[in-house]
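Content type compact mmCIF, C-alpha atoms and all ligand atoms, from the file my_file36.txt:
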# COMPACT_ATOMS: atom_id res chain seq x y z
CA MET Q 1 7.92 -17.52 18.31
CA ASP Q 2 8.90 -19.31 15.09
CA SER Q 3 6.48 -22.25 14.90
CA TYR Q 4 4.18 -20.70 12.34
CA VAL Q 5 4.08 -20.20 8.60
CA ILE Q 6 2.82 -17.31 6.50
CA ARG Q 7 0.89 -18.01 3.29
CA PRO Q 8 -1.83 -16.44 1.10
CA GLU Q 9 -5.41 -16.95 2.28
CA ILE Q 10 -7.49 -19.84 0.94
CA PRO Q 11 -11.32 -20.07 1.01
CA ALA Q 12 -11.29 -22.27 4.15
CA ASP Q 13 -9.57 -19.41 6.06
CA ARG Q 14 -12.34 -16.85 5.61
CA GLN Q 15 -14.31 -17.36 8.81
CA HIS Q 16 -11.07 -17.57 10.79
CA ILE Q 17 -9.89 -14.28 9.29
CA PHE Q 18 -13.22 -12.71 10.25
CA ASP Q 19 -12.84 -13.97 13.82
CA ILE Q 20 -9.23 -12.73 14.14
CA HIS Q 21 -10.23 -9.17 13.21
CA CYS Q 22 -13.19 -9.27 15.61
CA GLN Q 23 -10.99 -10.41 18.48
CA ALA Q 24 -8.05 -8.11 17.73
CA TYR Q 25 -10.13 -4.94 17.21
CA GLY Q 26 -12.84 -5.83 19.73
CA GLU Q 27 -15.60 -5.14 17.18
CA ASP Q 28 -16.63 -6.51 13.78
CA GLU Q 29 -16.24 -3.38 11.60
CA GLU Q 30 -12.80 -4.33 10.26
CA ALA Q 31 -13.83 -8.00 9.85
CA ARG Q 32 -16.87 -7.01 7.77
CA LEU Q 33 -14.70 -4.65 5.73
CA VAL Q 34 -12.38 -7.52 4.75
CA ASP Q 35 -15.45 -9.49 3.60
CA THR Q 36 -16.81 -6.50 1.65
CA LEU Q 37 -13.52 -5.91 -0.16
CA ARG Q 38 -13.17 -9.63 -0.93
CA ALA Q 39 -16.74 -9.90 -2.22
CA GLU Q 40 -16.03 -7.02 -4.60
CA GLY Q 41 -12.82 -8.64 -5.79
CA ASN Q 42 -11.09 -5.53 -4.54
CA PHE Q 43 -7.80 -7.13 -3.50
CA ASN Q 44 -5.29 -9.62 -4.84
CA LEU Q 45 -5.61 -12.84 -2.82
CA ALA Q 46 -1.82 -13.16 -3.04
CA LEU Q 47 -1.67 -10.03 -0.86
CA SER Q 48 -4.04 -11.33 1.80
CA LEU Q 49 -1.69 -13.31 4.04
CA VAL Q 50 -2.38 -15.44 7.07
CA ALA Q 51 -0.07 -16.66 9.83
CA VAL Q 52 -0.77 -20.32 10.64
CA HIS Q 53 0.28 -22.04 13.89
CA GLY Q 54 -0.48 -25.78 13.74
CA ASP Q 55 -3.99 -25.83 12.27
CA ARG Q 56 -4.92 -22.39 13.66
CA ILE Q 57 -5.01 -19.12 11.78
CA ILE Q 58 -3.53 -16.62 14.26
CA GLY Q 59 -2.88 -13.51 12.17
CA HIS Q 60 -3.93 -11.75 8.97
CA ILE Q 61 -2.73 -8.84 6.86
CA LEU Q 62 -4.30 -7.28 3.78
CA PHE Q 63 -2.92 -4.87 1.17
CA PRO Q 64 -5.87 -3.45 -0.81
CA PRO Q 65 -5.15 -1.28 -3.85
CA ILE Q 66 -5.38 2.51 -3.62
CA THR Q 67 -4.39 5.45 -5.80
CA ILE Q 68 -2.48 8.65 -5.12
CA GLU Q 69 -4.15 11.35 -7.18
CA SER Q 70 -2.70 14.70 -8.14
CA ARG Q 71 -3.50 17.17 -10.88
CA SER Q 72 -0.61 15.75 -12.87
CA GLY Q 73 -1.77 12.14 -12.74
CA THR Q 74 -2.76 9.05 -10.80
CA VAL Q 75 -0.21 6.74 -9.19
CA PRO Q 76 -1.25 3.20 -8.20
CA ALA Q 77 -0.24 2.02 -4.73
CA LEU Q 78 -1.26 -0.35 -1.95
CA ALA Q 79 -2.60 0.30 1.54
CA LEU Q 80 -1.43 -1.62 4.55
CA ALA Q 81 -4.86 -1.26 6.03
CA LEU Q 82 -5.99 -4.33 7.88
CA LEU Q 83 -3.58 -6.12 10.18
CA ALA Q 84 -4.63 -8.25 13.11
CA VAL Q 85 -3.08 -10.88 15.37
CA LEU Q 86 -5.10 -12.91 17.90
CA PRO Q 87 -4.64 -11.25 21.32
CA GLU Q 88 -3.02 -14.34 22.88
CA PHE Q 89 -0.36 -14.32 20.12
CA GLN Q 90 0.43 -10.58 20.14
CA CYS Q 91 3.89 -9.17 20.89
CA LEU Q 92 5.59 -12.34 19.63
CA GLY Q 93 6.75 -10.84 16.33
CA ILE Q 94 3.90 -12.22 14.21
CA GLY Q 95 2.60 -8.79 13.16
CA SER Q 96 6.14 -7.82 12.11
CA ALA Q 97 6.57 -11.05 10.13
CA LEU Q 98 3.25 -10.47 8.32
CA ILE Q 99 4.32 -6.93 7.42
CA GLU Q 100 7.75 -8.03 6.17
CA GLU Q 101 6.36 -10.95 4.16
CA GLY Q 102 3.54 -8.82 2.74
CA CYS Q 103 5.86 -6.00 1.70
CA GLU Q 104 8.17 -8.50 0.00
CA ALA Q 105 5.25 -10.16 -1.82
CA SER Q 106 4.06 -6.72 -2.95
CA ARG Q 107 7.52 -5.89 -4.27
CA ARG Q 108 7.72 -9.23 -6.14
CA LEU Q 109 4.35 -8.45 -7.78
CA GLY Q 110 5.73 -5.17 -9.08
CA HIS Q 111 4.09 -2.74 -6.67
CA ARG Q 112 6.09 0.36 -5.82
CA ILE Q 113 4.46 2.14 -2.86
CA ILE Q 114 2.59 1.13 0.32
CA ILE Q 115 0.72 3.67 2.45
CA VAL Q 116 -0.18 3.09 6.09
CA VAL Q 117 -2.01 5.12 8.72
CA GLY Q 118 -0.72 3.59 11.90
CA HIS Q 119 1.39 3.72 15.00
CA PRO Q 120 4.36 6.05 14.32
CA THR Q 121 6.83 4.07 16.42
CA TYR Q 122 5.94 0.68 14.89
CA TYR Q 123 6.11 1.10 11.11
CA PRO Q 124 9.43 2.98 10.59
CA GLN Q 125 11.38 -0.21 11.41
CA PHE Q 126 10.03 -1.65 8.15
CA GLY Q 127 11.19 1.37 6.12
CA PHE Q 128 8.05 3.50 6.28
CA VAL Q 129 8.71 7.25 6.20
CA SER Q 130 6.53 10.28 6.80
CA ALA Q 131 4.19 10.67 3.83
CA ARG Q 132 3.09 14.26 4.41
CA HIS Q 133 6.72 15.37 4.12
CA LYS Q 134 6.61 13.91 0.61
CA GLY Q 135 3.39 15.79 -0.21
CA ILE Q 136 1.11 12.78 0.16
CA ASP Q 137 -2.08 13.32 2.17
CA VAL Q 138 -5.41 11.70 3.04
CA THR Q 139 -8.95 13.10 2.92
CA PHE Q 140 -9.53 12.55 6.65
CA SER Q 141 -7.68 14.02 9.60
CA CYS Q 142 -4.82 12.05 11.11
CA PRO Q 143 -1.62 13.09 12.90
CA ASP Q 144 1.33 13.92 10.63
CA ASP Q 145 3.50 11.13 11.99
CA ALA Q 146 0.76 8.47 11.63
CA LEU Q 147 0.61 8.81 7.83
CA MET Q 148 3.53 6.88 6.37
CA ALA Q 149 4.72 5.59 3.01
CA LEU Q 150 7.05 2.76 2.08
CA PRO Q 151 8.95 2.92 -1.22
CA LEU Q 152 9.29 -0.69 -2.39
CA VAL Q 153 11.96 0.22 -4.92
CA PRO Q 154 14.53 3.02 -4.72
CA GLY Q 155 13.10 6.36 -5.83
CA ALA Q 156 9.48 5.13 -5.83
CA LEU Q 157 8.34 8.20 -3.88
CA ASP Q 158 10.24 10.69 -6.02
CA ASN Q 159 7.86 13.20 -7.61
CA VAL Q 160 4.85 11.36 -6.19
CA TRP Q 161 2.49 13.67 -4.35
CA GLY Q 162 -1.26 14.04 -4.02
CA MET Q 163 -4.27 12.70 -2.20
CA VAL Q 164 -4.64 9.03 -1.29
CA ARG Q 165 -7.95 7.59 -2.52
CA TYR Q 166 -9.20 4.49 -0.70
CA HIS Q 167 -12.13 2.23 -1.49
CA PRO Q 168 -15.13 4.11 0.05
CA ALA Q 169 -15.76 1.34 2.61
CA LEU Q 170 -12.13 1.50 3.70
CA SER Q 171 -12.24 5.29 3.95
CA LEU Q 172 -15.24 5.07 6.26
CA VAL Q 173 -13.38 2.82 8.70
CA MET Q 174 -10.29 5.02 8.67
CA GLU Q 175 -12.09 8.32 9.25
C1 LIG S 201 -0.96 -4.31 15.76
C2 LIG S 201 -0.80 -5.82 15.86
C3 LIG S 201 -1.21 -6.47 14.55
C4 LIG S 201 0.69 -6.11 16.12
O1 LIG S 201 0.86 -7.51 16.06
P1 LIG S 201 1.96 -8.21 16.99
O2 LIG S 201 2.13 -9.60 16.49
O3 LIG S 201 1.61 -8.01 18.41
O4 LIG S 201 3.24 -7.31 16.60
P2 LIG S 201 4.76 -7.56 16.94
O5 LIG S 201 4.90 -8.66 17.94
O6 LIG S 201 5.49 -7.68 15.67
O7 LIG S 201 5.16 -6.16 17.56
C5 LIG S 201 4.62 -5.79 18.80
C6 LIG S 201 5.14 -4.43 19.19
O8 LIG S 201 4.58 -3.38 18.42
C7 LIG S 201 3.84 -2.47 19.23
N1 LIG S 201 2.65 -2.04 18.49
C8 LIG S 201 2.22 -2.49 17.32
N2 LIG S 201 1.11 -1.83 16.91
C9 LIG S 201 0.82 -0.98 17.86
C10 LIG S 201 -0.22 -0.05 18.02
N3 LIG S 201 -1.21 0.11 17.09
N4 LIG S 201 -0.22 0.67 19.15
C11 LIG S 201 0.76 0.51 20.07
N5 LIG S 201 1.78 -0.35 19.96
C12 LIG S 201 1.80 -1.09 18.86
C13 LIG S 201 3.51 -3.29 20.44
O9 LIG S 201 3.31 -2.48 21.58
C14 LIG S 201 4.77 -4.14 20.63
O10 LIG S 201 5.82 -3.41 21.18
P3 LIG S 201 6.86 -4.11 22.19
O11 LIG S 201 7.41 -5.31 21.46
O12 LIG S 201 7.88 -3.04 22.43
O13 LIG S 201 6.06 -4.46 23.40
C15 LIG S 201 -1.64 -6.41 17.01
O14 LIG S 201 -1.27 -5.76 18.21
C16 LIG S 201 -3.13 -6.27 16.81
O15 LIG S 201 -3.77 -7.13 16.21
N6 LIG S 201 -3.71 -5.15 17.30
C17 LIG S 201 -5.13 -4.88 17.17
C18 LIG S 201 -5.49 -4.43 15.77
C19 LIG S 201 -4.66 -3.21 15.31
O16 LIG S 201 -4.51 -2.23 16.04
N7 LIG S 201 -4.15 -3.29 14.05
C20 LIG S 201 -3.23 -2.29 13.49
C21 LIG S 201 -3.93 -1.23 12.76
S1 LIG S 201 -2.72 -0.10 12.02
Structure rendered as structure tokens:
Amino acid sequence: MDSYVIRPEIPADRQHIFDIHCQAYGEDEEARLVDTLRAEGNFNLALSLVAVHGDRIIGHILFPPITIESRSGTVPALALALLAVLPEFQCLGIGSALIEEGCEASRRLGHRIIIVVGHPTYYPQFGFVSARHKGIDVTFSCPDDALMALPLVPGALDNVWGMVRYHPALSLVME
């Protein structure tokens, strides 16, 4: 499907974004989390992207900031944490397009690393690699192959190791 555009969210999109997460996840926890993070000014609106088909918002992706903390220092990064496509538009490549566009926007803004906890057969096609093998971990339990990192520039993961720290509200949803 190619009759859609991807752009940063605008205020008029907010209820639609809420509804997309409710429908995609089948509950409102993720939708409320997006609203909480936005209300706290926790994410860059340029990294909250929507897919628009005609006058309908059909998909959303968000990259909130996180840190990777080790005893030798703190490294800033992004999470690919909230991705949703309306059920009737799933498996048409829209999720993939949101990921690709969002990763490119993150790179343009100077970010270096994106962390995702997600499906291990889906994210490697975008360049995500196992994060635990690099010494990066999370405070909650998740399978080794579900925790992945994307270096946005060559060498971005070199000598980066430690514990990923999410916004507390985001941590709660991921646990
Ligand atoms: C995950 C999601 C955003 C993918 O969007 P999409 O537009 O359908 O994605 P694409 O069309 O680019 O890719 C679809 C492919 O990825 C697979 N896939 C993606 N995420 C998956 C997941 N969490 N579990 C299983 N398969 C997944 C699909 O099975 C499909 O595979 P196929 O093409 O071989 O049938 C969408 O399915 C969704 O909103 N799911 C509910 C919310 C969710 O789980 N979000 C992700 C949290 S990490």
Go through the chains and note each residue within 9 Å of ligand LIG 201 (chain S), using only C-alpha atoms and all ligand atoms, then give the set as a compact mmCIF listing (two decimals) with C-alpha atoms, in the frame of the given file.
# COMPACT_ATOMS: atom_id res chain seq x y z
CA ILE Q 20 -9.23 -12.73 14.14
CA HIS Q 21 -10.23 -9.17 13.21
CA GLN Q 23 -10.99 -10.41 18.48
CA ALA Q 24 -8.05 -8.11 17.73
CA TYR Q 25 -10.13 -4.94 17.21
CA GLY Q 26 -12.84 -5.83 19.73
CA GLY Q 59 -2.88 -13.51 12.17
CA HIS Q 60 -3.93 -11.75 8.97
CA ILE Q 61 -2.73 -8.84 6.86
CA LEU Q 80 -1.43 -1.62 4.55
CA ALA Q 81 -4.86 -1.26 6.03
CA LEU Q 82 -5.99 -4.33 7.88
CA LEU Q 83 -3.58 -6.12 10.18
CA ALA Q 84 -4.63 -8.25 13.11
CA VAL Q 85 -3.08 -10.88 15.37
CA LEU Q 86 -5.10 -12.91 17.90
CA PRO Q 87 -4.64 -11.25 21.32
CA PHE Q 89 -0.36 -14.32 20.12
CA GLN Q 90 0.43 -10.58 20.14
CA CYS Q 91 3.89 -9.17 20.89
CA LEU Q 92 5.59 -12.34 19.63
CA GLY Q 93 6.75 -10.84 16.33
CA ILE Q 94 3.90 -12.22 14.21
CA GLY Q 95 2.60 -8.79 13.16
CA SER Q 96 6.14 -7.82 12.11
CA ALA Q 97 6.57 -11.05 10.13
CA LEU Q 98 3.25 -10.47 8.32
CA ILE Q 99 4.32 -6.93 7.42
CA VAL Q 116 -0.18 3.09 6.09
CA VAL Q 117 -2.01 5.12 8.72
CA GLY Q 118 -0.72 3.59 11.90
CA HIS Q 119 1.39 3.72 15.00
CA PRO Q 120 4.36 6.05 14.32
CA THR Q 121 6.83 4.07 16.42
CA TYR Q 122 5.94 0.68 14.89
CA TYR Q 123 6.11 1.10 11.11
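If all atoms listed in the file are the atoms counted, then among Q:Ile113, Q:Pro76, Q:Lys134, Q:Phe126 the closest residue to Pro151 in chain Q is Q:Ile113.
Note that the spacing between CA of Val34 in chain Q and CA of Pro124 in chain Q amounts to 24.9 Å.
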Check: Could you state the separation of CA of Val160 in chain Q and CA of Ala46 in chain Q in Å, given to one decimal place?
Finding: 25.6 Å
Notebook entry, point to check: From the set Q:Pro11, Q:Pro168, Q:Gly162, Q:Pro65, which residue has the shortest atom-to-atom contact distance to Leu47 in chain Q, counting all atoms listed in the file?
Noted result: Q:Pro65
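Every protein, DNA or RNA residue with an atom at most 7 Å from Leu152 in chain Q, where only C-alpha atoms count and chain neighbours fewer than 2 positions away do not, is listed here: Arg107, Arg112, Ile113, Leu150, Pro154 and Ala156 of chain Q.
Across the model, the gap from CA of Leu45 in chain Q to CA of Tyr4 in chain Q is 19.7 Å.
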Next item on the list: Measuring atom to atom with only C-alpha atoms, identify which of Q:Tyr166, Q:Val75, Q:Phe128, Q:Glu30 is nearest to Glu100 in chain Q.
Entry: Q:Phe128
Notebook entry, point to check: Any idea what's packed within 9 Å of Cys22 in chain Q, counting only C-alpha atoms, ignoring anything in its chain fewer than 5 positions away? Could you give it as a PyMOL selection string?
Noted result: chain Q and resi 17+27-32+84
Checklist line | Pick from Q:Gly155, Q:Pro8, Q:Pro64, Q:Gly73 nearest to Ile115 in chain Q, counting all atoms listed in the file | finding: Q:Pro64
Notebook entry, point to check: Do you know which residues lie at most 10 Å from (-0.3, 13.9, 8.4), with coordinates as in the file and all atoms listed in the file counted, and could you write them as a PyMOL selection string?
Noted result: chain Q and resi 117+130-133+135-138+140-148
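When all atoms listed in the file are used to measure the gap to Val50 in chain Q, the shortest distance among Q:Asp13, Q:Glu88, Q:Asp158, Q:Asp2 belongs to Q:Asp13.
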